[in-house]
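Asker: mmCIF, C-alpha atoms and all ligand atoms, file structure_28.cif:
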```
data_protein
#
loop_
_atom_site.label_atom_id
_atom_site.label_comp_id
_atom_site.auth_asym_id
_atom_site.auth_seq_id
_atom_site.Cartn_x
_atom_site.Cartn_y
_atom_site.Cartn_z
CA MET A 1 -53.19 -57.09 -64.46
CA SER A 2 -50.45 -56.02 -66.83
CA ASN A 3 -47.03 -55.30 -65.42
CA LYS A 4 -46.16 -53.11 -68.37
CA PHE A 5 -46.47 -49.42 -69.03
CA THR A 6 -48.04 -48.37 -72.33
CA VAL A 7 -46.44 -45.20 -73.68
CA THR A 8 -48.29 -43.44 -76.52
CA PHE A 9 -46.71 -40.49 -78.31
CA LEU A 10 -49.53 -38.05 -79.09
CA GLY A 11 -47.37 -35.13 -80.22
CA THR A 12 -43.69 -35.12 -81.20
CA SER A 13 -43.06 -31.66 -82.68
CA SER A 14 -41.50 -28.52 -81.25
CA ALA A 15 -43.52 -25.29 -81.26
CA PRO A 16 -44.09 -24.29 -84.95
CA PRO A 17 -46.82 -26.31 -86.70
CA GLN A 18 -45.93 -29.32 -88.85
CA VAL A 19 -48.27 -31.33 -91.07
CA GLU A 20 -47.24 -34.75 -89.76
CA ARG A 21 -46.51 -33.90 -86.12
CA ARG A 22 -48.55 -32.36 -83.33
CA GLN A 23 -47.14 -30.41 -80.36
CA SER A 24 -45.79 -32.22 -77.30
CA SER A 25 -47.87 -34.74 -75.43
CA VAL A 26 -47.21 -38.27 -74.21
CA SER A 27 -49.70 -40.64 -72.60
CA ILE A 28 -48.30 -43.10 -70.05
CA GLN A 29 -50.74 -45.80 -68.87
CA TYR A 30 -50.17 -48.46 -66.22
CA ARG A 31 -52.96 -50.64 -64.90
CA ASN A 32 -55.76 -48.15 -64.10
CA HIS A 33 -53.42 -45.13 -63.98
CA ASN A 34 -53.60 -42.68 -66.83
CA LEU A 35 -50.85 -40.03 -66.97
CA LEU A 36 -50.59 -37.31 -69.60
CA VAL A 37 -47.24 -35.53 -69.84
CA ASP A 38 -47.77 -32.12 -71.48
CA VAL A 39 -50.83 -31.03 -73.42
CA GLY A 40 -49.80 -29.40 -76.72
CA GLU A 41 -52.32 -27.83 -79.08
CA ALA A 42 -53.94 -30.91 -80.69
CA THR A 43 -53.79 -33.24 -77.72
CA GLN A 44 -57.56 -33.68 -77.37
CA VAL A 45 -57.89 -34.94 -80.95
CA GLN A 46 -55.01 -37.34 -80.42
CA LEU A 47 -56.59 -38.62 -77.19
CA LEU A 48 -59.81 -39.31 -79.11
CA LYS A 49 -57.88 -41.07 -81.85
CA HIS A 50 -56.16 -43.34 -79.32
CA LYS A 51 -59.32 -43.87 -77.24
CA ILE A 52 -57.80 -42.39 -74.09
CA GLY A 53 -60.53 -41.00 -71.81
CA LEU A 54 -60.50 -37.71 -69.92
CA SER A 55 -62.09 -38.76 -66.64
CA ASN A 56 -59.16 -40.58 -65.08
CA LEU A 57 -56.28 -38.37 -66.25
CA THR A 58 -53.44 -37.02 -64.12
CA ILE A 59 -51.57 -34.28 -65.96
CA LEU A 60 -47.85 -33.58 -65.63
CA LEU A 61 -46.57 -30.34 -67.16
CA THR A 62 -42.84 -30.16 -67.83
CA HIS A 63 -43.07 -26.38 -68.25
CA LEU A 64 -45.53 -23.72 -69.30
CA HIS A 65 -44.33 -22.93 -72.84
CA SER A 66 -47.32 -22.83 -75.16
CA ASP A 67 -46.29 -25.86 -77.24
CA HIS A 68 -46.67 -27.95 -74.06
CA THR A 69 -49.83 -26.36 -72.65
CA LEU A 70 -52.07 -24.90 -75.40
CA GLY A 71 -54.41 -27.90 -75.26
CA LEU A 72 -54.92 -27.81 -71.52
CA ILE A 73 -57.81 -25.35 -71.17
CA GLY A 74 -59.64 -27.03 -74.07
CA LEU A 75 -59.27 -30.37 -72.35
CA LEU A 76 -60.58 -28.98 -69.05
CA THR A 77 -63.52 -27.44 -70.93
CA THR A 78 -64.39 -30.74 -72.62
CA ARG A 79 -64.45 -32.42 -69.23
CA SER A 80 -67.14 -29.91 -68.26
CA PHE A 81 -69.12 -30.54 -71.49
CA TYR A 82 -69.07 -34.27 -70.70
CA SER A 83 -70.19 -33.51 -67.11
CA ILE A 84 -67.20 -35.37 -65.69
CA SER A 85 -67.37 -34.80 -61.95
CA LYS A 86 -64.14 -36.55 -60.94
CA ALA A 87 -61.40 -34.21 -59.69
CA ILE A 88 -58.28 -33.82 -61.83
CA THR A 89 -54.71 -33.44 -60.55
CA ILE A 90 -52.31 -31.24 -62.50
CA ILE A 91 -48.64 -31.25 -61.55
CA GLY A 92 -46.31 -28.57 -62.86
CA PRO A 93 -43.66 -25.97 -62.05
CA PRO A 94 -44.27 -22.87 -59.89
CA TRP A 95 -46.90 -20.53 -61.38
CA THR A 96 -48.94 -23.47 -62.78
CA SER A 97 -51.87 -22.68 -60.51
CA SER A 98 -52.11 -19.00 -61.53
CA PHE A 99 -51.49 -19.98 -65.15
CA ILE A 100 -54.55 -22.26 -65.15
CA PHE A 101 -56.94 -20.23 -63.04
CA LEU A 102 -56.25 -16.93 -64.84
CA GLN A 103 -57.09 -18.62 -68.14
CA LEU A 104 -60.25 -20.17 -66.73
CA LEU A 105 -61.25 -16.73 -65.51
CA ALA A 106 -60.51 -15.11 -68.89
CA TYR A 107 -62.65 -17.72 -70.67
CA ARG A 108 -65.38 -17.46 -68.00
CA LEU A 109 -65.07 -21.19 -67.41
CA TYR A 110 -66.18 -22.53 -64.04
CA PRO A 111 -65.68 -26.33 -64.02
CA GLU A 112 -67.86 -28.18 -61.51
CA TYR A 113 -65.12 -30.70 -60.76
CA ASP A 114 -62.14 -29.95 -58.51
CA ILE A 115 -58.79 -29.06 -60.03
CA LYS A 116 -55.96 -29.97 -57.69
CA VAL A 117 -52.70 -28.29 -58.66
CA ILE A 118 -49.36 -29.45 -57.29
CA GLU A 119 -46.48 -27.07 -57.96
CA THR A 120 -43.00 -28.57 -57.73
CA THR A 121 -39.35 -27.70 -58.25
CA GLY A 122 -38.11 -31.24 -57.54
CA GLY A 123 -38.85 -34.32 -55.42
CA VAL A 124 -41.66 -36.84 -55.08
CA VAL A 125 -44.93 -35.35 -56.32
CA LEU A 126 -47.22 -38.36 -56.35
CA SER A 127 -47.24 -41.89 -54.99
CA ASN A 128 -49.84 -44.64 -55.41
CA SER A 129 -49.89 -48.37 -54.79
CA ASP A 130 -48.00 -49.10 -58.02
CA PHE A 131 -45.45 -46.34 -58.60
CA TYR A 132 -44.21 -42.92 -57.55
CA ILE A 133 -43.38 -39.85 -59.60
CA GLU A 134 -40.46 -37.57 -58.92
CA SER A 135 -39.75 -34.28 -60.67
CA PHE A 136 -36.30 -32.81 -61.24
CA PRO A 137 -35.20 -29.43 -62.61
CA VAL A 138 -33.72 -29.16 -66.12
CA SER A 139 -31.96 -26.11 -67.54
CA HIS A 140 -34.29 -25.24 -70.46
CA GLY A 141 -35.18 -21.99 -68.74
CA GLU A 142 -36.72 -21.01 -65.45
CA ASP A 143 -38.80 -23.65 -63.74
CA CYS A 144 -38.58 -26.49 -66.25
CA LEU A 145 -38.90 -30.06 -65.10
CA GLY A 146 -38.23 -33.61 -66.09
CA TYR A 147 -40.20 -36.48 -64.51
CA LYS A 148 -39.22 -39.95 -63.32
CA ILE A 149 -41.94 -42.58 -62.99
CA ILE A 150 -40.70 -45.52 -60.94
CA THR A 151 -42.54 -48.64 -59.76
CA HIS A 152 -42.14 -49.34 -56.03
CA LYS A 153 -39.26 -51.51 -54.90
CA PRO A 154 -40.45 -55.09 -54.59
CA LEU A 155 -40.25 -56.22 -50.98
CA GLY A 156 -40.05 -59.88 -51.91
CA VAL A 157 -41.98 -62.87 -50.67
CA PHE A 158 -42.20 -63.64 -46.95
CA ASN A 159 -40.54 -67.01 -46.25
CA VAL A 160 -42.54 -68.49 -43.33
CA GLU A 161 -40.17 -71.45 -42.80
CA ARG A 162 -37.21 -69.17 -42.26
CA VAL A 163 -39.23 -66.97 -39.90
CA LEU A 164 -40.14 -69.99 -37.76
CA GLU A 165 -36.49 -71.18 -37.78
CA LYS A 166 -35.47 -67.85 -36.32
CA ASN A 167 -38.18 -67.99 -33.63
CA ILE A 168 -39.76 -64.72 -34.61
CA PRO A 169 -43.09 -64.47 -32.77
CA LYS A 170 -46.19 -63.96 -34.91
CA GLY A 171 -47.89 -60.58 -34.87
CA GLU A 172 -46.33 -57.12 -34.91
CA LYS A 173 -42.75 -58.35 -35.67
CA TRP A 174 -43.90 -60.38 -38.70
CA LYS A 175 -45.79 -57.37 -39.98
CA LYS A 176 -42.76 -55.06 -39.55
CA LEU A 177 -40.47 -57.46 -41.41
CA GLN A 178 -42.99 -57.84 -44.23
CA GLU A 179 -43.10 -54.08 -44.54
CA GLY A 180 -39.31 -54.02 -44.91
CA TYR A 181 -38.22 -52.95 -41.39
CA PRO A 182 -35.59 -54.73 -39.20
CA VAL A 183 -36.76 -56.10 -35.81
CA GLU A 184 -34.99 -56.98 -32.53
CA ILE A 185 -35.26 -60.58 -31.26
CA GLU A 186 -33.35 -61.49 -28.09
CA ASN A 187 -30.94 -58.57 -28.57
CA LYS A 188 -30.29 -59.63 -32.16
CA THR A 189 -31.32 -57.59 -35.17
CA ILE A 190 -33.11 -59.51 -37.91
CA PHE A 191 -33.15 -57.81 -41.27
CA PRO A 192 -35.95 -58.30 -43.84
CA SER A 193 -33.39 -59.59 -46.36
CA GLU A 194 -32.86 -62.63 -44.08
CA ILE A 195 -36.46 -63.78 -44.31
CA LEU A 196 -37.68 -62.41 -47.63
CA ASP A 197 -37.17 -64.32 -50.86
CA ARG A 198 -36.10 -62.14 -53.72
CA SER A 199 -39.09 -61.11 -55.80
CA SER A 200 -38.93 -61.76 -59.52
CA LYS A 201 -40.66 -58.45 -60.12
CA GLU A 202 -38.22 -55.77 -61.25
CA GLN A 203 -38.61 -52.05 -60.76
CA ILE A 204 -39.48 -50.15 -63.92
CA LYS A 205 -38.17 -46.61 -64.41
CA ILE A 206 -39.30 -44.21 -67.13
CA VAL A 207 -37.76 -40.75 -67.52
CA ILE A 208 -39.19 -37.96 -69.66
CA THR A 209 -37.10 -34.81 -69.92
CA GLY A 210 -39.41 -32.28 -71.53
CA ASP A 211 -37.36 -29.55 -73.24
CA THR A 212 -33.75 -29.56 -72.15
CA PRO A 213 -30.23 -28.85 -73.31
CA LEU A 214 -27.48 -31.35 -72.58
CA ASP A 215 -27.70 -31.39 -68.79
CA ASP A 216 -25.78 -33.29 -66.09
CA ASN A 217 -28.87 -33.27 -63.92
CA VAL A 218 -30.74 -35.21 -66.62
CA ILE A 219 -27.89 -37.74 -66.76
CA ASN A 220 -27.97 -38.22 -62.97
CA ASN A 221 -31.74 -38.57 -62.81
CA SER A 222 -31.90 -40.95 -65.77
CA ALA A 223 -29.44 -43.47 -64.29
CA ASN A 224 -30.31 -47.04 -65.34
CA ALA A 225 -33.77 -46.07 -66.64
CA ASP A 226 -35.66 -48.62 -68.72
CA LEU A 227 -36.81 -45.85 -71.01
CA LEU A 228 -35.53 -42.31 -71.56
CA ILE A 229 -37.66 -39.93 -73.64
CA HIS A 230 -35.36 -37.02 -74.49
CA ASP A 231 -35.58 -33.67 -76.28
CA SER A 232 -34.02 -33.95 -79.76
CA THR A 233 -35.07 -30.64 -81.27
CA TYR A 234 -32.13 -30.26 -83.64
CA PRO A 235 -29.86 -32.37 -85.86
CA MET A 236 -26.25 -33.02 -84.87
CA MET A 237 -24.79 -30.06 -86.79
CA GLU A 238 -27.04 -27.49 -85.09
CA ILE A 239 -25.19 -27.70 -81.80
CA GLU A 240 -24.78 -23.91 -81.43
CA ARG A 241 -28.47 -23.32 -82.10
CA ALA A 242 -29.35 -26.03 -79.57
CA LYS A 243 -27.20 -24.33 -76.92
CA LYS A 244 -28.67 -20.91 -77.69
CA HIS A 245 -32.29 -22.08 -77.43
CA LYS A 246 -31.58 -24.49 -74.55
CA HIS A 247 -32.60 -27.60 -76.45
CA SER A 248 -30.72 -30.77 -77.41
CA THR A 249 -29.45 -32.25 -80.63
CA CYS A 250 -30.04 -35.93 -81.45
CA THR A 251 -26.46 -36.70 -80.43
CA ASP A 252 -26.77 -34.79 -77.13
CA ALA A 253 -29.68 -37.10 -76.28
CA ALA A 254 -27.68 -40.19 -77.26
CA PHE A 255 -24.77 -39.00 -75.11
CA VAL A 256 -27.10 -38.63 -72.10
CA ALA A 257 -28.53 -42.13 -72.70
CA LYS A 258 -25.06 -43.62 -72.86
CA ARG A 259 -23.75 -41.82 -69.77
CA ALA A 260 -26.89 -42.68 -67.78
CA ASN A 261 -26.70 -46.33 -68.87
CA VAL A 262 -30.38 -46.46 -69.85
CA ARG A 263 -31.92 -49.44 -71.65
CA ARG A 264 -33.74 -47.62 -74.41
CA LEU A 265 -33.83 -44.06 -75.79
CA ILE A 266 -36.63 -42.37 -77.72
CA LEU A 267 -35.94 -39.06 -79.45
CA THR A 268 -38.76 -36.52 -79.72
CA HIS A 269 -39.70 -32.78 -79.96
CA PHE A 270 -38.37 -32.27 -83.49
CA SER A 271 -38.12 -28.80 -85.01
CA GLU A 272 -38.93 -28.15 -88.66
CA LEU A 273 -35.14 -27.83 -89.14
CA HIS A 274 -34.84 -31.47 -88.19
CA LYS A 275 -35.76 -32.88 -91.61
CA ASN A 276 -33.43 -35.80 -92.19
CA LEU A 277 -34.38 -37.97 -89.26
CA THR A 278 -32.90 -41.12 -90.80
CA GLU A 279 -29.49 -39.46 -90.75
CA SER A 280 -30.05 -38.19 -87.19
CA LEU A 281 -31.03 -41.66 -86.05
CA SER A 282 -27.82 -43.16 -87.42
CA ASN A 283 -25.78 -40.33 -85.83
CA ALA A 284 -27.44 -41.03 -82.48
CA LYS A 285 -27.04 -44.79 -82.86
CA GLU A 286 -23.28 -44.43 -83.27
CA ILE A 287 -23.27 -43.20 -79.67
CA PHE A 288 -26.20 -45.16 -78.25
CA PRO A 289 -27.49 -48.04 -80.43
CA ASN A 290 -30.82 -48.80 -78.71
CA CYS A 291 -32.50 -45.66 -79.94
CA ILE A 292 -35.63 -44.87 -81.96
CA ILE A 293 -37.30 -41.79 -83.42
CA ALA A 294 -40.76 -40.99 -82.05
CA HIS A 295 -43.67 -40.24 -84.36
CA ASP A 296 -47.24 -39.25 -83.56
CA GLY A 297 -49.08 -42.47 -82.79
CA LEU A 298 -46.01 -44.47 -81.74
CA VAL A 299 -47.03 -46.92 -78.99
CA ILE A 300 -44.47 -48.87 -77.02
CA GLU A 301 -44.57 -51.07 -73.94
CA VAL A 302 -42.06 -50.91 -71.10
ZN ZN A 401 -41.18 -27.33 -76.48
ZN ZN A 402 -39.90 -25.09 -74.07
#
```
Go through the file and emit its structure as structure tokens.
Ligand SMILES: [Zn+2]
Ligand SMILES: [Zn+2]
Answerer:
Amino acid sequence: MSNKFTVTFLGTSSAPPQVERRQSSVSIQYRNHNLLVDVGEATQVQLLKHKIGLSNLTILLTHLHSDHTLGLIGLLTTRSFYSISKAITIIGPPWTSSFIFLQLLAYRLYPEYDIKVIETTGGVVLSNSDFYIESFPVSHGEDCLGYKIITHKPLGVFNVERVLEKNIPKGEKWKKLQEGYPVEIENKTIFPSEILDRSSKEQIKIVITGDTPLDDNVINNSANADLLIHDSTYPMMEIERAKKHKHSTCTDAAFVAKRANVRRLILTHFSELHKNLTESLSNAKEIFPNCIIAHDGLVIEV
């Protein structure tokens, strides 16, 4: 089983159409988990192109602006055409449930699979055996979210020799220690760190901001991430426009990456005003060198 996430950029444009870029959508795959962050207009075609199936998807919506959601109802419809019976989970900000079900009603669509909607304003929204997902608010407008995807903390390897040395009786106490809890032995507390070897497996953290201006909350939530995918709607000189529309410039994103001490930064969500991306990349790299520009079809491993 791979210990790496595969991140595929399906759409890297802001709202107005562009010939070379589709609207926002990013696929994040890990083992048998298949996350889709935002579903812009052409997402279904991009999923086909990259051979990403619809049956096992979990959808995360950063917000409900049309450039992040126009492909959603189409995708749900195609699931019905393919007779996919597996339930789908859709996570998003408040109003997501009404947003989806009113559209289904308007289109007279009645999927036979269950649609589970989780509305969130921040906190853990999903946890499985491999990782958990936490949302956090960003200040793009009302109810906009970023997401953190973090693999579980490795508990380490149980060192039986050390357990026997300390006379810890087999059974419940062993189990507790293995699960990471301290236990009492003869009025002494034994901590898991005393009997667990350090695991070589590191935690992996991926942060995706969705649309956001320069935001302290993004910096705090991105701390030490392995990968930060950040709004970069405008070039460096358009700082006033970025503030007005609550988006970021390429250098805002680089500043966040530097302050948050992330490993790698990917810039995305480019407006049609953002033409000279080579220049923007070098502007961003002056602040944060480990930075790349996303394009539709970019695949990276974390
Ligand atoms: Zn957008
Ligand atoms: Zn937006």
Asker: So that I can check the surroundings of stretch 102-105 of chain A, please list as a ChimeraX atom specification every protein, DNA and RNA residue that reaches within 10 Å of it, counting only C-alpha atoms and ignoring chain neighbours fewer than 4 positions away.
Answerer: /A:73,76-77,97-98,109-111
Asker: Point out the residue among A:Asn276, A:Thr151, A:Ser2, A:Thr212 with the least atom-to-atom distance to ligand ZN 401 (chain A), counting only C-alpha atoms and all ligand atoms.
Answerer: A:Thr212
Asker: List all protein, DNA and RNA residues that have at least one atom no more than 8 Å from any atom of ligand ZN 402 (chain A), counting all atoms listed in the file, and write them as a list in words.
Answerer: His63, Leu64, His65, Ser66, Asp67, His68, His140, Gly141, Gly210, Asp211 and Thr212 of chain A
Asker: Once you count all atoms listed in the file, which residues end up no further than 10 Å from (-47.5, -26.8, -74.8) in the file's frame, shown as a list in words?
Answerer: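 Here is the list of nearby residues: Gly11, Ser14, Ala15, Gln23, Ser24, Ser25, Asp38, Val39, Gly40, Glu41, Ala42, Thr43, Leu61, Thr62, His63, Leu64, His65, Ser66, Asp67, His68, Thr69, Leu70, Gly71 and Leu72 of chain A.
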Asker: I want to know what sits within 12 Å of A:Ser282, based on only C-alpha atoms, with residues of the same chain fewer than 4 positions away left out; could you give that as a list in words?
Answerer: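 Skipping anything fewer than 4 positions along the chain leaves Pro235, Met236, Cys250, Thr251, Ala254, Asn276, Leu277, Thr278, Glu286, Ile287, Phe288, Pro289, Asn290, Cys291, Ile292 and Ile293 of chain A.
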